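Worksheet for the structure shown next.
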Amino acid sequence: PLCCFQVIRCRAAVAWAVGQPLSLEEVEVAPPKAGEVRIKIVATGICHTDYHLLEGIFPNSDFPVIPGHEGAGIVESVGEGVTSVKPGDKVVPFPLPHCGECSFCLNPESNYCLKGHFTESQNLLPDKTSRFTCKGKQIHHFLWVSTFAEYTVVPEYAVAKIDAAAPLDKVCLFGCGFSTGYGAAVNTAKVKPGSTCAVFGLGGVGLSVVMGCKAAGASRIIGIDINKDKFTKAKELGATECISPRDFKKPIQEVLTEMTGHGVDYSFEAIGLADTLIAALASCNMNTGVCVMIGELPSDSMISIDPMLLLTGRTWKGTLVGGWRMRESIPKLVSSYLDKKFNSDLLITHTLPIAKVNEGFELLRAGKR
Ligand code: NAD
Ligand code: ZN
Ligand code: ZN
């Protein structure tokens with residue numbers, strides 16, 4: 001109907017420039033063009049990557065921008081040619097698209113799509129225009145998702161239809177944080193039953209790694225964080241022990257090697273610092289160990305390592321959103337959640353209205369999330 005194809009005025013949290021707090025604004029959201037979907041966002045999480053964007057260290061970002069990439073909502077209207085979702089459907093939009101046609105999408109082992117941000121910026125929709133304006137200015141999209149808006153427009157191939165029974169305020173985490181951590185363990189590392197794992201960083205992503213290691217049958221899961229407040233939740237989710245690097249004089253990789261004999265089978269870095277990334281690599285078994293890099297370092301950073309760390313046989317891998325092909329995987333993860341295969345609700349620490357989005361970032365910064 002014609003009524004759906006009108007500009008919507010709604011609230012959104014806009015980042016006008018690097019380093020500034022978000023500003024709650026009234027924005028205009030244009031109707032979806034061909035192949036696009038307009039979504040009423042019901043809930044969104046805050047991922048540390050949004051914080052990286054605000055700090056100006058996320059690669060190829062453009063301001064002003066509406067951040068947020070971990071949300072869930074209801075389809076409001078669809079553009080021409082859209083067939084996989086219709087108004088009223090519950091959906092989770094996601095930051096790593098899946099066009100289904102490029103050579104990467106056609107490779108079943110790949111979860112990266114050539115339309116993704118690391119080959120072509122997702123700061124504008126695929127036709128190189130924005131659907132957002134505010135005070136007469138064009139506002140950029142973030143990873144095509146921009147969930148810090150009451151309404152957003154995304155390409156059809158960046159949205160997954162989910163079970164109508166799913167609680168949107170809970171499954172929004174599947175758009176990034178939960179899927180990333182859980183998938184890093186079960187897809188990227190392929191953790192084996194009976195193995196030993198070390199998880200560096202116990203934020204939303206690291207705690208999800210802990211859940212994935214547990215689901216995969218790891219018998220020992222060591223959580224590492226400088227904030228001991230994170231230990232209780234980590235243990236509740238499956239960590240068998242937790243340590244703070246600040247409690248030791250020697251480097252944490254030496255501590256872990258001593259604790260395990262010859263290092264862990266799998267290590268995960270879910271912080272985003274060069275030092276902890278190298279420590280995670282050095283913590284796994286010199287020959288058969290697998291280290292997965294999840295944390296994002298500032299876009300221009302370089303790291304140098306002792307090549308012997310790899311020469312002896314270790315595997316060092318990265319992961320994007322936990323290796324999932326999100327368009328097909330998010331609906332399955334939602335079904336597993338509804339079947340109570342895991343309890344990702346435990347990751348939610350605070351629920352705030354959009355007007356308090358800056359308070360949410362303060363909580364993230366203070367490590368209280
Ligand atoms: P978060 O801020 O919630 O958690 C980070 C945790 O690391 C905190 O608990 C903090 O106390 C801890 N920490 C900080 N410095 C430490 C140190 N020196 N030693 C030990 N612990 C330390 O962040 P998050 O949302 O869980 O995200 C974690 C990282 O993952 C970020 O870098 C984020 O950008 C990245 N990320 C990557 C992907 C991907 O697809 N690869 C997806 C989502 C997030
Ligand atoms: Zn994220
Ligand atoms: Zn593709």
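Identifiers for the structure tokens are assigned positionally: chains receive A, B, ... in sequence, residues are indexed from 1 per chain, and ligands are indexed from 1 in the order shown.
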If the limit is 10 Å from any atom of ligand 3, counting only C-alpha atoms and all ligand atoms, which residues qualify? Return them as an mmCIF file with all heavy atoms, in the first residue's frame.
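Okay, selection_35.cif is ready:
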data_model
loop_
_atom_site.group_PDB
_atom_site.id
_atom_site.type_symbol
_atom_site.label_atom_id
_atom_site.label_comp_id
_atom_site.auth_asym_id
_atom_site.auth_seq_id
_atom_site.Cartn_x
_atom_site.Cartn_y
_atom_site.Cartn_z
ATOM 1 N N LEU A 96 27.401 -8.512 8.327
ATOM 2 C CA LEU A 96 28.181 -9.154 7.268
ATOM 3 C C LEU A 96 27.173 -9.708 6.267
ATOM 4 O O LEU A 96 26.528 -10.712 6.517
ATOM 5 C CB LEU A 96 29.045 -10.280 7.862
ATOM 6 C CG LEU A 96 30.056 -10.910 6.909
ATOM 7 C CD1 LEU A 96 31.056 -9.878 6.416
ATOM 8 C CD2 LEU A 96 30.798 -12.038 7.620
ATOM 9 N N PRO A 97 27.016 -9.040 5.099
ATOM 10 C CA PRO A 97 25.942 -9.428 4.183
ATOM 11 C C PRO A 97 26.168 -10.811 3.593
ATOM 12 O O PRO A 97 27.237 -11.416 3.786
ATOM 13 C CB PRO A 97 26.008 -8.355 3.093
ATOM 14 C CG PRO A 97 27.400 -7.854 3.126
ATOM 15 C CD PRO A 97 27.838 -7.953 4.562
ATOM 16 N N HIS A 98 25.177 -11.303 2.894
ATOM 17 C CA HIS A 98 25.329 -12.598 2.229
ATOM 18 C C HIS A 98 24.507 -12.550 0.947
ATOM 19 O O HIS A 98 23.340 -12.911 0.940
ATOM 20 C CB HIS A 98 24.870 -13.732 3.153
ATOM 21 C CG HIS A 98 25.354 -15.054 2.690
ATOM 22 N ND1 HIS A 98 26.607 -15.543 2.983
ATOM 23 C CD2 HIS A 98 24.790 -15.973 1.888
ATOM 24 C CE1 HIS A 98 26.771 -16.713 2.400
ATOM 25 N NE2 HIS A 98 25.686 -16.996 1.722
ATOM 26 N N CYS A 99 25.144 -12.079 -0.137
ATOM 27 C CA CYS A 99 24.403 -11.857 -1.383
ATOM 28 C C CYS A 99 24.020 -13.169 -2.052
ATOM 29 O O CYS A 99 23.070 -13.226 -2.828
ATOM 30 C CB CYS A 99 25.201 -10.964 -2.335
ATOM 31 S SG CYS A 99 26.498 -11.828 -3.259
ATOM 32 N N GLY A 100 24.764 -14.239 -1.751
ATOM 33 C CA GLY A 100 24.427 -15.541 -2.315
ATOM 34 C C GLY A 100 24.873 -15.735 -3.752
ATOM 35 O O GLY A 100 24.671 -16.801 -4.329
ATOM 36 N N GLU A 101 25.482 -14.707 -4.339
ATOM 37 C CA GLU A 101 25.833 -14.780 -5.767
ATOM 38 C C GLU A 101 27.310 -14.630 -6.059
ATOM 39 O O GLU A 101 27.797 -15.103 -7.085
ATOM 40 C CB GLU A 101 25.085 -13.678 -6.534
ATOM 41 C CG GLU A 101 23.601 -13.956 -6.647
ATOM 42 C CD GLU A 101 22.805 -12.759 -7.130
ATOM 43 O OE1 GLU A 101 23.430 -11.690 -7.392
ATOM 44 O OE2 GLU A 101 21.576 -12.881 -7.218
ATOM 45 N N CYS A 102 28.057 -13.943 -5.194
ATOM 46 C CA CYS A 102 29.469 -13.693 -5.490
ATOM 47 C C CYS A 102 30.280 -14.981 -5.293
ATOM 48 O O CYS A 102 29.788 -15.953 -4.719
ATOM 49 C CB CYS A 102 30.004 -12.562 -4.601
ATOM 50 S SG CYS A 102 30.211 -13.006 -2.877
ATOM 51 N N SER A 103 31.530 -14.970 -5.747
ATOM 52 C CA SER A 103 32.332 -16.198 -5.673
ATOM 53 C C SER A 103 32.566 -16.630 -4.225
ATOM 54 O O SER A 103 32.662 -17.819 -3.938
ATOM 55 C CB SER A 103 33.667 -16.003 -6.398
ATOM 56 O OG SER A 103 34.396 -14.963 -5.788
ATOM 57 N N PHE A 104 32.620 -15.663 -3.303
ATOM 58 C CA PHE A 104 32.804 -16.028 -1.896
ATOM 59 C C PHE A 104 31.538 -16.701 -1.354
ATOM 60 O O PHE A 104 31.603 -17.727 -0.691
ATOM 61 C CB PHE A 104 33.146 -14.791 -1.053
ATOM 62 C CG PHE A 104 34.595 -14.399 -1.080
ATOM 63 C CD1 PHE A 104 35.286 -14.248 -2.282
ATOM 64 C CD2 PHE A 104 35.288 -14.164 0.100
ATOM 65 C CE1 PHE A 104 36.617 -13.873 -2.302
ATOM 66 C CE2 PHE A 104 36.630 -13.801 0.092
ATOM 67 C CZ PHE A 104 37.296 -13.650 -1.106
ATOM 68 N N CYS A 105 30.381 -16.089 -1.634
ATOM 69 C CA CYS A 105 29.122 -16.680 -1.145
ATOM 70 C C CYS A 105 28.903 -18.068 -1.729
ATOM 71 O O CYS A 105 28.343 -18.945 -1.076
ATOM 72 C CB CYS A 105 27.929 -15.785 -1.497
ATOM 73 S SG CYS A 105 27.786 -14.338 -0.430
ATOM 74 N N LEU A 106 29.365 -18.279 -2.975
ATOM 75 C CA LEU A 106 29.167 -19.579 -3.615
ATOM 76 C C LEU A 106 30.092 -20.652 -3.040
ATOM 77 O O LEU A 106 29.886 -21.837 -3.249
ATOM 78 C CB LEU A 106 29.365 -19.463 -5.134
ATOM 79 C CG LEU A 106 28.268 -18.655 -5.856
ATOM 80 C CD1 LEU A 106 28.624 -18.446 -7.318
ATOM 81 C CD2 LEU A 106 26.902 -19.332 -5.723
ATOM 82 N N ASN A 107 31.124 -20.229 -2.323
ATOM 83 C CA ASN A 107 32.019 -21.182 -1.666
ATOM 84 C C ASN A 107 31.448 -21.522 -0.290
ATOM 85 O O ASN A 107 31.422 -20.674 0.594
ATOM 86 C CB ASN A 107 33.415 -20.537 -1.534
ATOM 87 C CG ASN A 107 34.368 -21.397 -0.719
ATOM 88 O OD1 ASN A 107 34.007 -22.474 -0.237
ATOM 89 N ND2 ASN A 107 35.584 -20.907 -0.562
ATOM 90 N N SER A 110 33.134 -20.351 2.936
ATOM 91 C CA SER A 110 33.362 -18.934 3.207
ATOM 92 C C SER A 110 32.136 -18.317 3.859
ATOM 93 O O SER A 110 31.007 -18.657 3.512
ATOM 94 C CB SER A 110 33.656 -18.226 1.880
ATOM 95 O OG SER A 110 33.552 -16.834 2.038
ATOM 96 N N ASN A 111 32.366 -17.400 4.802
ATOM 97 C CA ASN A 111 31.219 -16.648 5.311
ATOM 98 C C ASN A 111 31.378 -15.162 4.999
ATOM 99 O O ASN A 111 30.602 -14.337 5.446
ATOM 100 C CB ASN A 111 31.027 -16.862 6.817
ATOM 101 C CG ASN A 111 31.906 -15.976 7.684
ATOM 102 O OD1 ASN A 111 33.068 -15.748 7.372
ATOM 103 N ND2 ASN A 111 31.366 -15.476 8.771
ATOM 104 N N TYR A 112 32.406 -14.833 4.203
ATOM 105 C CA TYR A 112 32.580 -13.440 3.791
ATOM 106 C C TYR A 112 31.937 -13.264 2.422
ATOM 107 O O TYR A 112 32.050 -14.147 1.564
ATOM 108 C CB TYR A 112 34.076 -13.061 3.737
ATOM 109 C CG TYR A 112 34.245 -11.599 3.438
ATOM 110 C CD1 TYR A 112 34.033 -10.652 4.432
ATOM 111 C CD2 TYR A 112 34.544 -11.150 2.149
ATOM 112 C CE1 TYR A 112 34.112 -9.297 4.155
ATOM 113 C CE2 TYR A 112 34.623 -9.804 1.865
ATOM 114 C CZ TYR A 112 34.410 -8.880 2.876
ATOM 115 O OH TYR A 112 34.470 -7.539 2.593
ATOM 116 N N CYS A 113 31.257 -12.135 2.231
ATOM 117 C CA CYS A 113 30.620 -11.815 0.952
ATOM 118 C C CYS A 113 31.380 -10.636 0.356
ATOM 119 O O CYS A 113 31.787 -9.723 1.078
ATOM 120 C CB CYS A 113 29.164 -11.441 1.207
ATOM 121 S SG CYS A 113 28.314 -10.706 -0.201
ATOM 122 N N LEU A 114 31.602 -10.654 -0.936
ATOM 123 C CA LEU A 114 32.373 -9.575 -1.566
ATOM 124 C C LEU A 114 31.670 -8.219 -1.470
ATOM 125 O O LEU A 114 32.260 -7.190 -1.766
ATOM 126 C CB LEU A 114 32.680 -9.918 -3.029
ATOM 127 C CG LEU A 114 33.725 -11.036 -3.193
ATOM 128 C CD1 LEU A 114 33.874 -11.424 -4.655
ATOM 129 C CD2 LEU A 114 35.082 -10.609 -2.605
ATOM 130 N N LYS A 115 30.405 -8.202 -1.015
ATOM 131 C CA LYS A 115 29.729 -6.934 -0.780
ATOM 132 C C LYS A 115 30.014 -6.418 0.634
ATOM 133 O O LYS A 115 29.528 -5.362 1.031
ATOM 134 C CB LYS A 115 28.232 -7.105 -0.996
ATOM 135 C CG LYS A 115 27.893 -7.469 -2.448
ATOM 136 C CD LYS A 115 26.428 -7.275 -2.753
ATOM 137 C CE LYS A 115 26.141 -7.158 -4.231
ATOM 138 N NZ LYS A 115 26.675 -8.251 -5.062
ATOM 139 N N GLY A 116 30.797 -7.159 1.411
ATOM 140 C CA GLY A 116 31.108 -6.780 2.788
ATOM 141 C C GLY A 116 32.022 -5.559 2.872
ATOM 142 O O GLY A 116 32.694 -5.191 1.906
ATOM 143 N N TYR A 157 19.649 -8.826 1.376
ATOM 144 C CA TYR A 157 20.615 -9.882 1.689
ATOM 145 C C TYR A 157 21.423 -9.608 2.958
ATOM 146 O O TYR A 157 22.419 -10.272 3.223
ATOM 147 C CB TYR A 157 21.526 -10.183 0.488
ATOM 148 C CG TYR A 157 22.137 -8.993 -0.215
ATOM 149 C CD1 TYR A 157 23.181 -8.287 0.360
ATOM 150 C CD2 TYR A 157 21.675 -8.602 -1.475
ATOM 151 C CE1 TYR A 157 23.754 -7.211 -0.283
ATOM 152 C CE2 TYR A 157 22.238 -7.522 -2.132
ATOM 153 C CZ TYR A 157 23.276 -6.830 -1.526
ATOM 154 O OH TYR A 157 23.834 -5.762 -2.171
#
Can you build me a table of chain A residues sitting at most 8 Å from ligand 1, with the closest atom pair per residue and its distance in Å to one decimal, using only C-alpha atoms and all ligand atoms, sorted by chain and residue number, as CSV?
residue,atom,partner,partner_atom_place_in_ligand_line,distance
A:Ile46,CA,ligand 1,25 (O),7.1
A:Cys47,CA,ligand 1,25 (O),4.1
A:His48,CA,ligand 1,25 (O),3.8
A:Thr49,CA,ligand 1,34 (O),3.8
A:Asp50,CA,ligand 1,34 (O),7.5
A:Tyr51,CA,ligand 1,34 (O),7.8
A:His52,CA,ligand 1,34 (O),6.5
A:Cys176,CA,ligand 1,43 (C),5.7
A:Gly177,CA,ligand 1,43 (C),5.2
A:Thr180,CA,ligand 1,42 (C),5.4
A:Gly181,CA,ligand 1,42 (C),7.6
A:Phe200,CA,ligand 1,20 (C),5.9
A:Gly201,CA,ligand 1,7 (O),3.7
A:Leu202,CA,ligand 1,9 (O),4.4
A:Gly203,CA,ligand 1,4 (O),3.3
A:Gly204,CA,ligand 1,26 (O),4.0
A:Val205,CA,ligand 1,26 (O),3.7
A:Gly206,CA,ligand 1,26 (O),5.5
A:Leu207,CA,ligand 1,26 (O),7.5
A:Ile224,CA,ligand 1,20 (C),5.7
A:Asp225,CA,ligand 1,21 (N),3.6
A:Ile226,CA,ligand 1,20 (C),4.6
A:Asn227,CA,ligand 1,11 (O),4.7
A:Lys230,CA,ligand 1,9 (O),6.4
A:Ser244,CA,ligand 1,20 (C),7.0
A:Pro245,CA,ligand 1,19 (N),6.5
A:Glu269,CA,ligand 1,29 (C),7.8
A:Ala270,CA,ligand 1,29 (C),4.5
A:Ile271,CA,ligand 1,29 (C),4.4
A:Gly272,CA,ligand 1,32 (O),3.9
A:Leu273,CA,ligand 1,18 (N),7.1
A:Asp275,CA,ligand 1,18 (N),7.5
A:Thr276,CA,ligand 1,18 (N),6.2
A:Met293,CA,ligand 1,41 (N),7.1
A:Ile294,CA,ligand 1,41 (N),4.1
A:Gly295,CA,ligand 1,32 (O),3.5
A:Glu296,CA,ligand 1,32 (O),4.0
A:Leu297,CA,ligand 1,32 (O),6.5
A:Gly318,CA,ligand 1,41 (N),7.0
A:Thr319,CA,ligand 1,41 (N),5.1
A:Leu320,CA,ligand 1,40 (O),3.5
A:Val321,CA,ligand 1,40 (O),3.7
A:Gly322,CA,ligand 1,40 (O),6.2
A:Leu364,CA,ligand 1,2 (O),5.7
A:Arg365,CA,ligand 1,2 (O),6.6
A:Gly367,CA,ligand 1,11 (O),5.4
A:Lys368,CA,ligand 1,9 (O),8.0
A:Arg369,CA,ligand 1,3 (O),6.2
Give me every helix (DSSP H, G or I) residue in stretch 151-363 of chain A, going by DSSP on the backbone, as a compact mmCIF listing (two decimals) with C-alpha atoms, in the first residue's frame.
# COMPACT_ATOMS: atom_id res chain seq x y z
CA GLU A 156 17.44 -7.79 1.60
CA TYR A 157 20.61 -9.88 1.69
CA ALA A 158 21.60 -8.40 5.05
CA LEU A 168 13.33 -9.43 20.02
CA ASP A 169 14.88 -7.87 23.13
CA LYS A 170 16.85 -11.08 23.63
CA VAL A 171 17.72 -12.32 20.14
CA CYS A 172 19.08 -8.93 19.04
CA LEU A 173 22.43 -10.26 20.36
CA PHE A 174 22.48 -12.77 17.50
CA GLY A 175 23.17 -9.93 15.05
CA GLY A 177 28.13 -10.42 19.83
CA PHE A 178 26.63 -13.79 20.71
CA SER A 179 26.99 -15.26 17.21
CA THR A 180 30.59 -14.03 16.99
CA GLY A 181 31.81 -15.53 20.24
CA TYR A 182 29.84 -18.77 20.05
CA GLY A 183 30.79 -19.31 16.40
CA ALA A 184 34.48 -18.52 17.04
CA ALA A 185 34.52 -21.62 19.25
CA VAL A 186 32.27 -24.00 17.31
CA ASN A 187 33.01 -22.92 13.71
CA THR A 188 36.37 -21.17 13.53
CA ALA A 189 38.34 -23.13 16.15
CA GLY A 204 29.79 -9.97 25.60
CA VAL A 205 31.91 -11.63 22.92
CA GLY A 206 34.32 -13.48 25.25
CA LEU A 207 31.47 -14.80 27.41
CA SER A 208 29.84 -16.13 24.24
CA VAL A 209 33.14 -17.88 23.40
CA VAL A 210 32.95 -19.52 26.83
CA MET A 211 29.41 -20.72 26.00
CA GLY A 212 30.61 -22.10 22.65
CA CYS A 213 33.58 -23.94 24.21
CA LYS A 214 31.26 -25.47 26.78
CA ALA A 215 28.72 -26.51 24.13
CA LYS A 228 37.37 -9.60 38.17
CA ASP A 229 33.72 -8.55 38.24
CA LYS A 230 33.40 -10.60 35.04
CA PHE A 231 34.42 -13.86 36.70
CA THR A 232 31.08 -14.78 38.32
CA LYS A 233 29.18 -14.63 35.04
CA ALA A 234 31.97 -16.41 33.18
CA LYS A 235 31.84 -19.30 35.66
CA GLU A 236 28.06 -19.43 35.46
CA LEU A 237 28.38 -19.79 31.67
CA PRO A 245 46.96 -11.03 34.43
CA ARG A 246 47.40 -8.35 37.12
CA ASP A 247 47.73 -11.01 39.81
CA ILE A 252 50.13 -14.48 31.31
CA GLN A 253 51.26 -16.84 28.53
CA GLU A 254 53.82 -18.33 30.92
CA VAL A 255 51.18 -18.65 33.63
CA LEU A 256 48.85 -20.49 31.23
CA THR A 257 51.63 -22.75 29.98
CA GLU A 258 52.48 -23.73 33.54
CA MET A 259 48.82 -24.28 34.41
CA THR A 260 48.34 -26.65 31.49
CA ALA A 274 48.23 -6.23 20.34
CA ASP A 275 49.74 -7.47 23.61
CA THR A 276 46.88 -9.78 24.48
CA LEU A 277 46.71 -11.01 20.91
CA ILE A 278 50.33 -12.12 21.05
CA ALA A 279 49.86 -13.52 24.57
CA ALA A 280 46.89 -15.56 23.33
CA LEU A 281 48.95 -16.95 20.46
CA ALA A 282 51.82 -17.87 22.75
CA SER A 283 49.43 -19.51 25.23
CA MET A 308 59.01 -19.31 15.91
CA LEU A 309 55.55 -18.99 17.41
CA LEU A 310 54.11 -20.18 14.09
CA LEU A 311 57.01 -22.20 12.68
CA VAL A 321 31.02 -12.87 13.11
CA GLY A 322 32.07 -16.33 14.24
CA GLY A 323 32.28 -17.85 10.78
CA MET A 326 24.44 -15.25 8.82
CA ARG A 327 21.44 -15.25 6.52
CA GLU A 328 20.96 -18.99 6.96
CA SER A 329 22.51 -19.34 10.42
CA ILE A 330 20.70 -16.67 12.46
CA PRO A 331 17.26 -18.33 12.03
CA LYS A 332 18.82 -21.64 13.13
CA LEU A 333 20.51 -20.05 16.15
CA VAL A 334 17.18 -18.45 17.09
CA SER A 335 15.48 -21.87 16.89
CA SER A 336 18.20 -23.41 19.09
CA TYR A 337 17.68 -20.56 21.54
CA LEU A 338 13.91 -21.17 21.58
CA SER A 344 22.18 -16.15 25.86
CA ASP A 345 19.84 -14.07 28.09
CA LEU A 346 22.56 -14.28 30.74
CA LEU A 347 24.69 -11.96 28.61
CA ILE A 354 17.32 4.82 23.35
CA ALA A 355 17.54 8.23 25.04
CA LYS A 356 20.15 6.75 27.40
CA VAL A 357 22.39 5.32 24.69
CA ASN A 358 25.41 7.32 25.94
CA GLU A 359 24.92 5.81 29.39
CA GLY A 360 25.11 2.40 27.68
CA PHE A 361 28.52 3.32 26.24
CA GLU A 362 29.65 4.56 29.67
CA LEU A 363 28.74 1.15 31.12
**Q.** atom CA of A:Gln20 to atom CA of A:Arg131, straight-line distance in Å
**A.**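 Value for the atom CA of A:Arg131-atom CA of A:Gln20 distance: 22.7 Å.
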Q.
Would you pick out the contacts of A:Ala198 at 6 Å or less, using only C-alpha atoms, so that residues sharing its chain but fewer than 2 positions from it are not included, and give the list as a ChimeraX atom specification?
A. /A:221-223,267
Quick one: residues within 6 Å of A:Val264, only C-alpha atoms counted, chain neighbours fewer than 3 positions away excluded, as a PDB file with N, CA and C atoms, in the first residue's frame?
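Okay, this is what ended up in out.pdb:
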ATOM      1  N   THR A 196      41.207 -28.159  26.243  1.00  0.00           N
ATOM      2  CA  THR A 196      41.419 -27.034  27.150  1.00  0.00           C
ATOM      3  C   THR A 196      41.412 -25.735  26.352  1.00  0.00           C
ATOM      4  N   CYS A 197      40.670 -24.735  26.834  1.00  0.00           N
ATOM      5  CA  CYS A 197      40.540 -23.455  26.110  1.00  0.00           C
ATOM      6  C   CYS A 197      40.905 -22.297  27.021  1.00  0.00           C
ATOM      7  N   CYS A 284      48.858 -21.025  23.429  1.00  0.00           N
ATOM      8  CA  CYS A 284      48.362 -22.325  22.956  1.00  0.00           C
ATOM      9  C   CYS A 284      49.534 -23.252  22.629  1.00  0.00           C
ATOM     10  N   ASN A 285      49.267 -24.519  22.579  1.00  0.00           N
ATOM     11  CA  ASN A 285      50.283 -25.546  22.341  1.00  0.00           C
ATOM     12  C   ASN A 285      51.145 -25.190  21.129  1.00  0.00           C
TER      13      ASN A 285
END
